[in-house]
Amino acid sequence: MGITIVIAGFYLSWNGGYFGLKLLEKHFNWSLTPYKSQLLTMMLQFLILFLLAGIAGLIGHMRGGERAFYIPIITAMRQISKGNFKVELENDRRYGQFGSIVEGINEMASELSRMETMRQDFISNVSHEIQSPLTSIRGFARALRDEGLSAESRAHYLDIIEAEGSRLSGLSDNLLKLSALEAESFPFERTAYRLDKQLQEMILACEPQWLGKNIDVEAELEEVTVQAVKDLLSQVWTNLLHNSIKFTPQGGMITVRLRTLDNRVEAEIKDNGIGIAEDDLPRIFERFYKVDKARSTSGGGSGLGLSLVKKIVDIHEGSITITSRPGEGTACVVVLPMQP
């Protein structure tokens with residue numbers, strides 16, 4: 001390619017010098033000797049050759065500038081493709097009107113970095129949540145091999161193994177539901193049904209748990225019909241009621257209220273349990289977040305319940321608010337549109 005360009009340059013300069021002198025002679029009516037004609041022809045040829053060389057150099061410099069313009073962007077894209085999301089381009093004057101492209105690349109790298117951090121945290125949390133019950137199951141299963149173990153201890157260990165197995169099953173079920181909801185692969189078909197009857201059924205389904213702790217449950221349920229996915233909202237009420245029962249002490253109280261507000265419906269589940277610290281409230285809907293040791297160890301939950309509740313309420317175009325004070329109790333308010 002380079003040799004071809006050089007040959008073309010010599011060809012143009014040679015012919016340009018020859019024919020250029022002929023034009024000059026005709027225009028100015030020159031009468032030149034063969035020696036002067038040949039000398040001027042050579043001078044014109046060299047002049048044209050230098051001009052062509054200058055133009056070629058200018059083009060090469062411009063192309064080099066273009067390469068200098070694109071090299072940082074291409075390098076950044078290559079780094080991002082290799083998994084390095086800490087790339088940040090300096091948006092200076094050389095990018096001009098293309099500065100928005102640089103900003104877009106920086107935003108993409110930042111967002112990918114945030115998502116990668118979330119992914120790593122998610123894997124770490126899932127691994128921890130799975131490892132904990134598995135360790136417990138393995139340890140108590142090994143203890144059951146002791147032939148001298150009393151029948152009471154054996155039954156106790158079997159209860160623990162069963163509880164930890166249920167915990168693993170619940171974790172897996174919640175993860176699958178969250179994944180299906182976020183991928184929008186869950187069958188989302190709204191139907192009209194009585195929300196007050198559903199809440200009443202949920203309260204009765206939890207009766208063994210709240211009776212076992214001598215908890216008084218009061219229900220004030222206004223007759224309300226909503227358009228929603230019944231199975232999904234059932235998950236919401238089950239999780240919220242179980243949390244209230246779990247963290248309400250013996251002899252406590254839980255109040256469930258349902259009322260209409262214009263074209264919306266408001267459901268409140270309130271208890272006088274151990275409550276949640278103010279610093280923890282902003283993070284309670286995060287996956288695997290557990291507010292404190294007392295709630296985590298006593299409940300044995302995975303920290304996915306409220307994440308699932310929030311997702312279900314969101315896809316129903318509703319909102320959920322949780323207010324709480326340590327030692328005074330917690331109130332969960334779910335607001336849903338009566339018509340989607």
# chains A, B, ... in the order shown; residues from 1 in each chain; ligands from 1

$ residues_around --residues "stretch 254-257 of chain A" --least-positions-apart "2" --cutoff "9 Å" --atoms "only C-alpha atoms" --output "PyMOL selection string"
chain A and resi 199+203+215-222+241+244-245+248+252+259+266-273

$ write_last_selection --atoms "N, CA, C and O atoms" --output "short mmCIF file (atom, residue, chain, number, x, y, z; two decimals), in the first residue's frame"
data_model
loop_
_atom_site.label_atom_id
_atom_site.label_comp_id
_atom_site.auth_asym_id
_atom_site.auth_seq_id
_atom_site.Cartn_x
_atom_site.Cartn_y
_atom_site.Cartn_z
N LEU A 199 -57.85 -11.57 54.22
CA LEU A 199 -57.14 -11.26 55.46
C LEU A 199 -57.69 -12.08 56.63
O LEU A 199 -56.92 -12.56 57.47
N ILE A 203 -55.45 -14.67 58.94
CA ILE A 203 -55.40 -14.58 60.40
C ILE A 203 -55.74 -15.94 61.03
O ILE A 203 -55.07 -16.41 61.95
N ILE A 215 -51.19 -14.44 72.28
CA ILE A 215 -51.29 -13.11 71.67
C ILE A 215 -52.75 -12.83 71.32
O ILE A 215 -53.43 -13.68 70.73
N ASP A 216 -53.23 -11.66 71.69
CA ASP A 216 -54.58 -11.24 71.31
C ASP A 216 -54.53 -10.61 69.91
O ASP A 216 -53.70 -9.74 69.65
N VAL A 217 -55.40 -11.06 69.04
CA VAL A 217 -55.47 -10.52 67.68
C VAL A 217 -56.82 -9.86 67.48
O VAL A 217 -57.87 -10.50 67.64
N GLU A 218 -56.81 -8.59 67.15
CA GLU A 218 -58.04 -7.84 66.86
C GLU A 218 -58.07 -7.50 65.37
O GLU A 218 -57.06 -7.08 64.80
N ALA A 219 -59.23 -7.67 64.75
CA ALA A 219 -59.38 -7.40 63.32
C ALA A 219 -60.55 -6.46 63.09
O ALA A 219 -61.66 -6.72 63.55
N GLU A 220 -60.28 -5.36 62.37
CA GLU A 220 -61.32 -4.42 61.95
C GLU A 220 -61.25 -4.35 60.42
O GLU A 220 -60.45 -3.60 59.86
N LEU A 221 -62.07 -5.16 59.79
CA LEU A 221 -61.95 -5.35 58.35
C LEU A 221 -63.18 -4.81 57.63
O LEU A 221 -64.27 -5.37 57.73
N GLU A 222 -62.98 -3.74 56.89
CA GLU A 222 -64.06 -3.18 56.09
C GLU A 222 -64.23 -4.04 54.83
O GLU A 222 -63.25 -4.55 54.28
N LEU A 241 -47.85 -11.05 58.86
CA LEU A 241 -48.44 -11.62 60.07
C LEU A 241 -47.42 -12.48 60.82
O LEU A 241 -47.32 -12.42 62.06
N SER A 244 -45.03 -10.28 62.69
CA SER A 244 -45.63 -9.71 63.90
C SER A 244 -45.71 -10.73 65.02
O SER A 244 -45.39 -10.44 66.18
N ILE A 245 -46.14 -11.94 64.69
CA ILE A 245 -46.23 -12.99 65.70
C ILE A 245 -44.85 -13.36 66.23
O ILE A 245 -44.65 -13.54 67.45
N THR A 248 -43.48 -10.51 68.58
CA THR A 248 -44.34 -10.03 69.66
C THR A 248 -44.21 -10.99 70.85
O THR A 248 -44.31 -12.21 70.68
N GLY A 252 -48.81 -10.54 74.10
CA GLY A 252 -48.85 -9.28 73.37
C GLY A 252 -50.14 -9.11 72.59
O GLY A 252 -51.11 -9.87 72.76
N ARG A 259 -59.30 -0.65 55.47
CA ARG A 259 -60.27 0.40 55.17
C ARG A 259 -60.01 0.96 53.77
O ARG A 259 -58.93 0.76 53.20
N GLU A 266 -56.36 0.50 52.23
CA GLU A 266 -55.23 0.52 53.16
C GLU A 266 -55.36 -0.62 54.16
O GLU A 266 -56.38 -0.75 54.83
N ALA A 267 -54.32 -1.43 54.23
CA ALA A 267 -54.27 -2.53 55.20
C ALA A 267 -53.13 -2.28 56.17
O ALA A 267 -52.00 -2.01 55.75
N GLU A 268 -53.43 -2.36 57.47
CA GLU A 268 -52.42 -2.12 58.51
C GLU A 268 -52.33 -3.33 59.44
O GLU A 268 -53.35 -3.84 59.90
N ILE A 269 -51.11 -3.77 59.66
CA ILE A 269 -50.85 -4.84 60.62
C ILE A 269 -49.90 -4.26 61.67
O ILE A 269 -48.75 -3.92 61.37
N LYS A 270 -50.40 -4.15 62.90
CA LYS A 270 -49.67 -3.46 63.97
C LYS A 270 -49.50 -4.37 65.17
O LYS A 270 -50.42 -5.10 65.54
N ASP A 271 -48.31 -4.34 65.78
CA ASP A 271 -48.06 -5.15 66.98
C ASP A 271 -47.39 -4.31 68.04
O ASP A 271 -46.97 -3.18 67.79
N ASN A 272 -47.28 -4.86 69.24
CA ASN A 272 -46.56 -4.20 70.33
C ASN A 272 -45.33 -5.02 70.70
O ASN A 272 -45.01 -5.20 71.87
N GLY A 273 -44.63 -5.50 69.66
CA GLY A 273 -43.47 -6.35 69.86
C GLY A 273 -42.19 -5.59 70.15
O GLY A 273 -42.22 -4.45 70.62
#

$ closest_residue --among "A:Ile284, A:Ala192, A:Ile80, A:Ile105" --to "A:Leu308" --atoms "only C-alpha atoms"
A:Ile284

$ select_by_dssp --residues "stretch 136-293 of chain A" --states "helix (DSSP H, G or I)" --output "number ranges by chain"
A: 136-143, 151-182, 195-205, 207-212, 230-246, 281-283, 293

$ residues_around --residues "stretch 311-318 of chain A" --least-positions-apart "4" --cutoff "10 Å" --atoms "only C-alpha atoms" --output "list in words"
Lys177, Leu178, Leu181, Glu182, Glu184, Phe188, Arg190, Gln227, Ala228, Val229, Leu232, Leu233, Gln235, Val236, Arg264, Val265, Glu266, Phe285, Leu306, Ser307, Val334, Val335, Leu336, Pro337, Met338, Gln339 and Pro340 of chain A

$ residues_around --residues "A:Lys213" --least-positions-apart "5" --cutoff "8 Å" --atoms "only C-alpha atoms" --output "PyMOL selection string"
chain A and resi 249-251

$ write_last_selection --atoms "all heavy atoms" --output "CSV table (one decimal), in the first residue's frame"
chain,number,residue,atom,x,y,z
A,249,PRO,N,-44.0,-10.5,72.0
A,249,PRO,CA,-43.7,-11.4,73.2
A,249,PRO,C,-45.0,-12.0,73.6
A,249,PRO,O,-46.1,-11.7,73.2
A,249,PRO,CB,-43.2,-10.4,74.3
A,249,PRO,CG,-43.8,-9.1,73.9
A,249,PRO,CD,-43.8,-9.1,72.4
A,250,GLN,N,-44.9,-13.0,74.6
A,250,GLN,CA,-46.0,-13.7,75.2
A,250,GLN,C,-47.0,-12.6,75.7
A,250,GLN,O,-46.6,-11.7,76.4
A,250,GLN,CB,-45.5,-14.6,76.3
A,250,GLN,CG,-44.7,-15.8,75.9
A,250,GLN,CD,-45.5,-16.9,75.4
A,250,GLN,OE1,-46.7,-17.0,75.6
A,250,GLN,NE2,-44.9,-17.8,74.6
A,251,GLY,N,-48.3,-12.9,75.4
A,251,GLY,CA,-49.3,-12.0,76.0
A,251,GLY,C,-49.4,-10.7,75.3
A,251,GLY,O,-50.1,-9.8,75.8

$ decode --residues "stretch 136-155 of chain A" --atoms "N, CA and C atoms" --output "PDB file, in the first residue's frame"
ATOM      1  N   SER A 136     -25.827 -27.025  60.729  1.00  0.00           N
ATOM      2  CA  SER A 136     -26.639 -27.477  61.859  1.00  0.00           C
ATOM      3  C   SER A 136     -27.173 -28.886  61.614  1.00  0.00           C
ATOM      4  N   ILE A 137     -27.695 -29.131  60.416  1.00  0.00           N
ATOM      5  CA  ILE A 137     -28.238 -30.458  60.081  1.00  0.00           C
ATOM      6  C   ILE A 137     -27.147 -31.516  60.168  1.00  0.00           C
ATOM      7  N   ARG A 138     -25.970 -31.201  59.617  1.00  0.00           N
ATOM      8  CA  ARG A 138     -24.875 -32.163  59.627  1.00  0.00           C
ATOM      9  C   ARG A 138     -24.428 -32.475  61.053  1.00  0.00           C
ATOM     10  N   GLY A 139     -24.356 -31.422  61.888  1.00  0.00           N
ATOM     11  CA  GLY A 139     -23.898 -31.632  63.256  1.00  0.00           C
ATOM     12  C   GLY A 139     -24.871 -32.476  64.074  1.00  0.00           C
ATOM     13  N   PHE A 140     -26.166 -32.203  63.968  1.00  0.00           N
ATOM     14  CA  PHE A 140     -27.146 -32.954  64.755  1.00  0.00           C
ATOM     15  C   PHE A 140     -27.363 -34.358  64.184  1.00  0.00           C
ATOM     16  N   ALA A 141     -27.191 -34.502  62.871  1.00  0.00           N
ATOM     17  CA  ALA A 141     -27.276 -35.853  62.297  1.00  0.00           C
ATOM     18  C   ALA A 141     -26.131 -36.724  62.804  1.00  0.00           C
ATOM     19  N   ARG A 142     -24.958 -36.110  62.960  1.00  0.00           N
ATOM     20  CA  ARG A 142     -23.820 -36.846  63.507  1.00  0.00           C
ATOM     21  C   ARG A 142     -24.069 -37.206  64.978  1.00  0.00           C
ATOM     22  N   ALA A 143     -24.707 -36.272  65.696  1.00  0.00           N
ATOM     23  CA  ALA A 143     -24.982 -36.524  67.113  1.00  0.00           C
ATOM     24  C   ALA A 143     -25.978 -37.662  67.297  1.00  0.00           C
ATOM     25  N   LEU A 144     -26.873 -37.854  66.332  1.00  0.00           N
ATOM     26  CA  LEU A 144     -27.873 -38.923  66.425  1.00  0.00           C
ATOM     27  C   LEU A 144     -27.244 -40.315  66.335  1.00  0.00           C
ATOM     28  N   ARG A 145     -25.981 -40.389  65.872  1.00  0.00           N
ATOM     29  CA  ARG A 145     -25.310 -41.687  65.782  1.00  0.00           C
ATOM     30  C   ARG A 145     -24.936 -42.230  67.170  1.00  0.00           C
ATOM     31  N   ASP A 146     -24.978 -41.378  68.172  1.00  0.00           N
ATOM     32  CA  ASP A 146     -24.631 -41.788  69.534  1.00  0.00           C
ATOM     33  C   ASP A 146     -25.730 -42.723  70.059  1.00  0.00           C
ATOM     34  N   GLU A 147     -25.370 -43.983  70.273  1.00  0.00           N
ATOM     35  CA  GLU A 147     -26.355 -44.975  70.722  1.00  0.00           C
ATOM     36  C   GLU A 147     -26.840 -44.715  72.149  1.00  0.00           C
ATOM     37  N   GLY A 148     -26.050 -43.971  72.900  1.00  0.00           N
ATOM     38  CA  GLY A 148     -26.437 -43.703  74.287  1.00  0.00           C
ATOM     39  C   GLY A 148     -27.307 -42.464  74.429  1.00  0.00           C
ATOM     40  N   LEU A 149     -27.715 -41.883  73.316  1.00  0.00           N
ATOM     41  CA  LEU A 149     -28.515 -40.658  73.354  1.00  0.00           C
ATOM     42  C   LEU A 149     -29.915 -40.949  73.872  1.00  0.00           C
ATOM     43  N   SER A 150     -30.405 -40.079  74.758  1.00  0.00           N
ATOM     44  CA  SER A 150     -31.733 -40.303  75.327  1.00  0.00           C
ATOM     45  C   SER A 150     -32.806 -40.036  74.279  1.00  0.00           C
ATOM     46  N   ALA A 151     -33.988 -40.618  74.502  1.00  0.00           N
ATOM     47  CA  ALA A 151     -35.094 -40.432  73.560  1.00  0.00           C
ATOM     48  C   ALA A 151     -35.498 -38.957  73.478  1.00  0.00           C
ATOM     49  N   GLU A 152     -35.419 -38.255  74.601  1.00  0.00           N
ATOM     50  CA  GLU A 152     -35.784 -36.836  74.618  1.00  0.00           C
ATOM     51  C   GLU A 152     -34.817 -36.010  73.769  1.00  0.00           C
ATOM     52  N   SER A 153     -33.510 -36.274  73.951  1.00  0.00           N
ATOM     53  CA  SER A 153     -32.508 -35.541  73.172  1.00  0.00           C
ATOM     54  C   SER A 153     -32.623 -35.883  71.691  1.00  0.00           C
ATOM     55  N   ARG A 154     -32.874 -37.152  71.400  1.00  0.00           N
ATOM     56  CA  ARG A 154     -33.012 -37.580  70.008  1.00  0.00           C
ATOM     57  C   ARG A 154     -34.185 -36.840  69.345  1.00  0.00           C
ATOM     58  N   ALA A 155     -35.314 -36.759  70.056  1.00  0.00           N
ATOM     59  CA  ALA A 155     -36.480 -36.056  69.505  1.00  0.00           C
ATOM     60  C   ALA A 155     -36.176 -34.569  69.303  1.00  0.00           C
TER      61      ALA A 155
END
